[in-house]
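Data from query21.cif: mmCIF, C-alpha atoms and all ligand atoms
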data_run
#
loop_
_atom_site.group_PDB
_atom_site.id
_atom_site.type_symbol
_atom_site.label_atom_id
_atom_site.label_comp_id
_atom_site.auth_asym_id
_atom_site.auth_seq_id
_atom_site.Cartn_x
_atom_site.Cartn_y
_atom_site.Cartn_z
ATOM 1 C CA MET A 563 -19.723 18.587 -13.324
ATOM 2 C CA ASN A 564 -18.053 20.004 -10.284
ATOM 3 C CA GLY A 565 -14.621 18.487 -10.994
ATOM 4 C CA PHE A 566 -14.725 16.312 -7.887
ATOM 5 C CA HIS A 567 -13.592 12.742 -8.426
ATOM 6 C CA HIS A 568 -13.280 9.932 -5.936
ATOM 7 C CA LEU A 569 -10.136 7.805 -5.943
ATOM 8 C CA ASP A 570 -10.107 4.836 -8.320
ATOM 9 C CA GLU A 571 -9.726 1.268 -7.049
ATOM 10 C CA ALA A 572 -6.071 0.925 -8.052
ATOM 11 C CA THR A 573 -5.177 4.090 -6.159
ATOM 12 C CA ILE A 574 -7.126 2.942 -3.083
ATOM 13 C CA VAL A 575 -5.370 -0.451 -3.070
ATOM 14 C CA SER A 576 -1.935 1.150 -3.583
ATOM 15 C CA PHE A 577 -2.595 3.614 -0.772
ATOM 16 C CA ALA A 578 -3.853 0.861 1.574
ATOM 17 C CA SER A 579 -0.849 -1.355 0.858
ATOM 18 C CA GLY A 580 1.660 1.488 1.189
ATOM 19 C CA THR A 581 2.905 1.214 -2.394
ATOM 20 C CA LEU A 582 1.539 4.503 -3.708
ATOM 21 C CA SER A 583 4.113 6.738 -5.394
ATOM 22 C CA ARG A 584 5.558 9.608 -3.369
ATOM 23 C CA ARG A 585 4.244 12.014 -5.981
ATOM 24 C CA LEU A 586 0.615 10.961 -5.424
ATOM 25 C CA LEU A 587 0.801 10.321 -1.681
ATOM 26 C CA PRO A 588 0.083 13.894 -0.460
ATOM 27 C CA VAL A 589 -2.886 14.321 -2.811
ATOM 28 C CA VAL A 590 -4.378 10.926 -1.957
ATOM 29 C CA THR A 591 -3.758 11.376 1.785
ATOM 30 C CA ASN A 592 -5.534 14.722 1.635
ATOM 31 C CA HIS A 593 -8.477 13.209 -0.255
ATOM 32 C CA VAL A 594 -8.797 10.244 2.129
ATOM 33 C CA THR A 595 -8.630 12.597 5.118
ATOM 34 C CA HIS A 596 -11.565 14.635 3.845
ATOM 35 C CA CYS A 597 -13.636 12.008 2.015
ATOM 36 C CA PRO A 598 -15.504 9.501 4.219
ATOM 37 C CA GLU A 599 -16.464 7.386 1.188
ATOM 38 C CA CYS A 600 -12.858 6.822 0.054
ATOM 39 C CA ARG A 601 -11.701 6.426 3.667
ATOM 40 C CA LYS A 602 -14.182 3.561 3.990
ATOM 41 C CA SER A 603 -12.828 1.999 0.762
ATOM 42 C CA VAL A 604 -9.261 2.250 2.122
ATOM 43 C CA ARG A 605 -10.343 0.482 5.330
ATOM 44 C CA ILE A 606 -11.926 -2.308 3.287
ATOM 45 C CA ALA A 607 -8.773 -2.652 1.140
ATOM 46 C CA GLU A 608 -6.627 -2.777 4.296
ATOM 47 C CA ALA A 609 -8.879 -5.479 5.772
ATOM 48 C CA ILE A 610 -8.675 -7.542 2.573
ATOM 49 C CA GLY A 611 -4.878 -7.149 2.459
ATOM 50 C CA GLY A 612 -4.590 -8.220 6.099
ATOM 51 C CA ALA A 613 -6.838 -11.238 5.519
ATOM 52 C CA VAL A 614 -4.745 -12.298 2.512
ATOM 53 C CA LEU A 615 -1.535 -12.057 4.556
ATOM 54 C CA GLU A 616 -3.067 -14.113 7.353
ATOM 55 C CA ALA A 617 -4.213 -16.757 4.853
ATOM 56 C CA VAL A 618 -0.695 -17.311 3.522
ATOM 57 C CA PRO A 619 0.953 -20.134 5.470
ATOM 58 C CA PRO A 620 4.226 -19.277 7.225
ATOM 59 C CA HIS A 621 7.262 -20.147 5.168
ATOM 60 C CA GLU A 622 10.712 -20.979 6.414
ATOM 61 C CA LEU A 623 13.274 -18.599 4.928
ATOM 62 C CA THR A 624 16.423 -19.787 3.219
ATOM 63 C CA PRO A 625 19.492 -19.299 5.436
ATOM 64 C CA GLY A 626 21.279 -16.103 4.394
ATOM 65 C CA LEU A 627 18.217 -14.585 2.707
ATOM 66 C CA LEU A 628 18.011 -11.638 5.109
ATOM 67 C CA GLN A 629 21.688 -10.767 4.642
ATOM 68 C CA ALA A 630 21.393 -11.110 0.841
ATOM 69 C CA THR A 631 18.327 -8.837 0.843
ATOM 70 C CA ILE A 632 20.098 -6.196 2.935
ATOM 71 C CA GLU A 633 23.075 -6.287 0.564
ATOM 72 C CA ARG A 634 20.788 -5.813 -2.460
ATOM 73 C CA ILE A 635 19.073 -2.847 -0.792
ATOM 74 C CA GLU A 636 22.466 -1.316 0.011
ATOM 75 C CA LEU A 637 23.613 -1.785 -3.581
ATOM 76 C CA ARG A 638 20.511 -0.026 -4.917
ATOM 77 C CA SER A 639 20.876 2.930 -2.577
ATOM 78 C CA ARG A 640 24.397 3.739 -3.810
HETATM 79 ZN ZN ZN A 701 -13.511 10.229 -2.333
#
Would you put the structure from the file into structure tokens?
Ligand SMILES: [Zn+2]
Amino acid sequence: MNGFHHLDEATIVSFASGTLSRRLLPVVTNHVTHCPECRKSVRIAEAIGGAVLEAVPPHELTPGLLQATIERIELRSR
């Protein structure tokens, strides 16, 4: 054992979708930068995520939804 571990699937998907925790982000970014195998997995996860988004039909938003969302974000950041 040399102590080297590749990133697990959940971490790869979180990294690719931008939802990885701030605590893990520097470590994972460093690993992906130096590990071609995990970099390839991240690219695949990004491609899958993009394909899923494209497959979802456009949806008309409820009037006022944007303003309500902004207000909720502002409330949380207080
Ligand atoms: Zn790796």
Taking all atoms listed in the file into account, list the residues no farther than 10 Å from ligand ZN 701 (chain A), as an MDAnalysis selection string. chainID A and resid 566:570 574 590 592:603
Which is closest to Val604 in chain A among A:Thr631, A:Ser579, A:Ala617, A:Arg585, if we use all atoms listed in the file?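 Smallest separation from Val604 in chain A among the options: A:Ser579.
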Find the distance between CA of Gly611 in chain A and CA of Thr581 in chain A and write it in Å to one decimal.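 Interatomic distance here is 12.4 Å.
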Between CA of Ile606 in chain A and CA of Pro619 in chain A, what distance in Å does the model show, to one decimal?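 Straight-line distance from CA of Ile606 in chain A to CA of Pro619 in chain A works out to 22.1 Å.
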For a test of reading the model, state the distance in Å between CA of Gly580 in chain A and CA of Ala607 in chain A, rounded to one decimal. 11.2 Å
Test item: write range 570-633 of chain A with C-alpha atoms as a tab-separated table (two decimals), in the first residue's frame:
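Written out: decode_34.tsv:
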chain	number	residue	atom	x	y	z
A	570	ASP	CA	-14.72	7.96	-5.16
A	571	GLU	CA	-17.70	8.35	-7.49
A	572	ALA	CA	-19.70	10.57	-5.12
A	573	THR	CA	-16.79	12.97	-4.79
A	574	ILE	CA	-16.27	13.05	-8.57
A	575	VAL	CA	-19.96	13.81	-9.20
A	576	SER	CA	-20.03	16.50	-6.48
A	577	PHE	CA	-16.89	18.10	-7.89
A	578	ALA	CA	-18.24	17.99	-11.48
A	579	SER	CA	-21.57	19.51	-10.45
A	580	GLY	CA	-19.97	22.20	-8.28
A	581	THR	CA	-21.59	21.01	-5.06
A	582	LEU	CA	-18.47	19.77	-3.29
A	583	SER	CA	-17.94	21.21	0.19
A	584	ARG	CA	-15.47	24.07	0.56
A	585	ARG	CA	-13.47	21.94	2.97
A	586	LEU	CA	-12.82	19.22	0.36
A	587	LEU	CA	-12.53	21.47	-2.70
A	588	PRO	CA	-8.79	22.29	-2.44
A	589	VAL	CA	-7.82	18.64	-1.87
A	590	VAL	CA	-10.02	17.35	-4.69
A	591	THR	CA	-8.93	20.13	-7.08
A	592	ASN	CA	-5.31	19.27	-6.37
A	593	HIS	CA	-5.95	15.56	-6.97
A	594	VAL	CA	-7.85	16.17	-10.23
A	595	THR	CA	-5.10	18.50	-11.43
A	596	HIS	CA	-2.45	15.83	-10.98
A	597	CYS	CA	-4.41	12.63	-11.69
A	598	PRO	CA	-5.34	12.00	-15.35
A	599	GLU	CA	-7.58	9.07	-14.39
A	600	CYS	CA	-9.79	11.12	-12.04
A	601	ARG	CA	-9.70	14.09	-14.43
A	602	LYS	CA	-11.17	11.81	-17.09
A	603	SER	CA	-13.89	10.67	-14.64
A	604	VAL	CA	-14.74	14.32	-13.88
A	605	ARG	CA	-15.07	15.04	-17.61
A	606	ILE	CA	-17.42	12.08	-18.00
A	607	ALA	CA	-19.51	13.22	-15.00
A	608	GLU	CA	-19.68	16.75	-16.45
A	609	ALA	CA	-20.81	15.35	-19.81
A	610	ILE	CA	-23.51	13.24	-18.15
A	611	GLY	CA	-24.70	16.22	-16.08
A	612	GLY	CA	-24.85	18.40	-19.20
A	613	ALA	CA	-26.77	15.74	-21.12
A	614	VAL	CA	-29.29	15.41	-18.27
A	615	LEU	CA	-29.84	19.18	-18.21
A	616	GLU	CA	-30.35	19.25	-21.96
A	617	ALA	CA	-32.86	16.39	-21.73
A	618	VAL	CA	-35.07	18.26	-19.27
A	619	PRO	CA	-37.73	20.18	-21.19
A	620	PRO	CA	-37.83	23.94	-20.61
A	621	HIS	CA	-40.32	24.95	-17.96
A	622	GLU	CA	-42.11	28.24	-17.63
A	623	LEU	CA	-41.39	29.81	-14.24
A	624	THR	CA	-44.11	31.06	-11.94
A	625	PRO	CA	-44.34	34.87	-11.97
A	626	GLY	CA	-42.48	36.24	-8.94
A	627	LEU	CA	-40.35	33.12	-8.46
A	628	LEU	CA	-37.07	34.93	-9.13
A	629	GLN	CA	-37.87	37.70	-6.65
A	630	ALA	CA	-39.00	35.16	-4.02
A	631	THR	CA	-35.78	33.17	-4.51
A	632	ILE	CA	-33.62	36.29	-4.13
A	633	GLU	CA	-35.47	37.20	-0.94
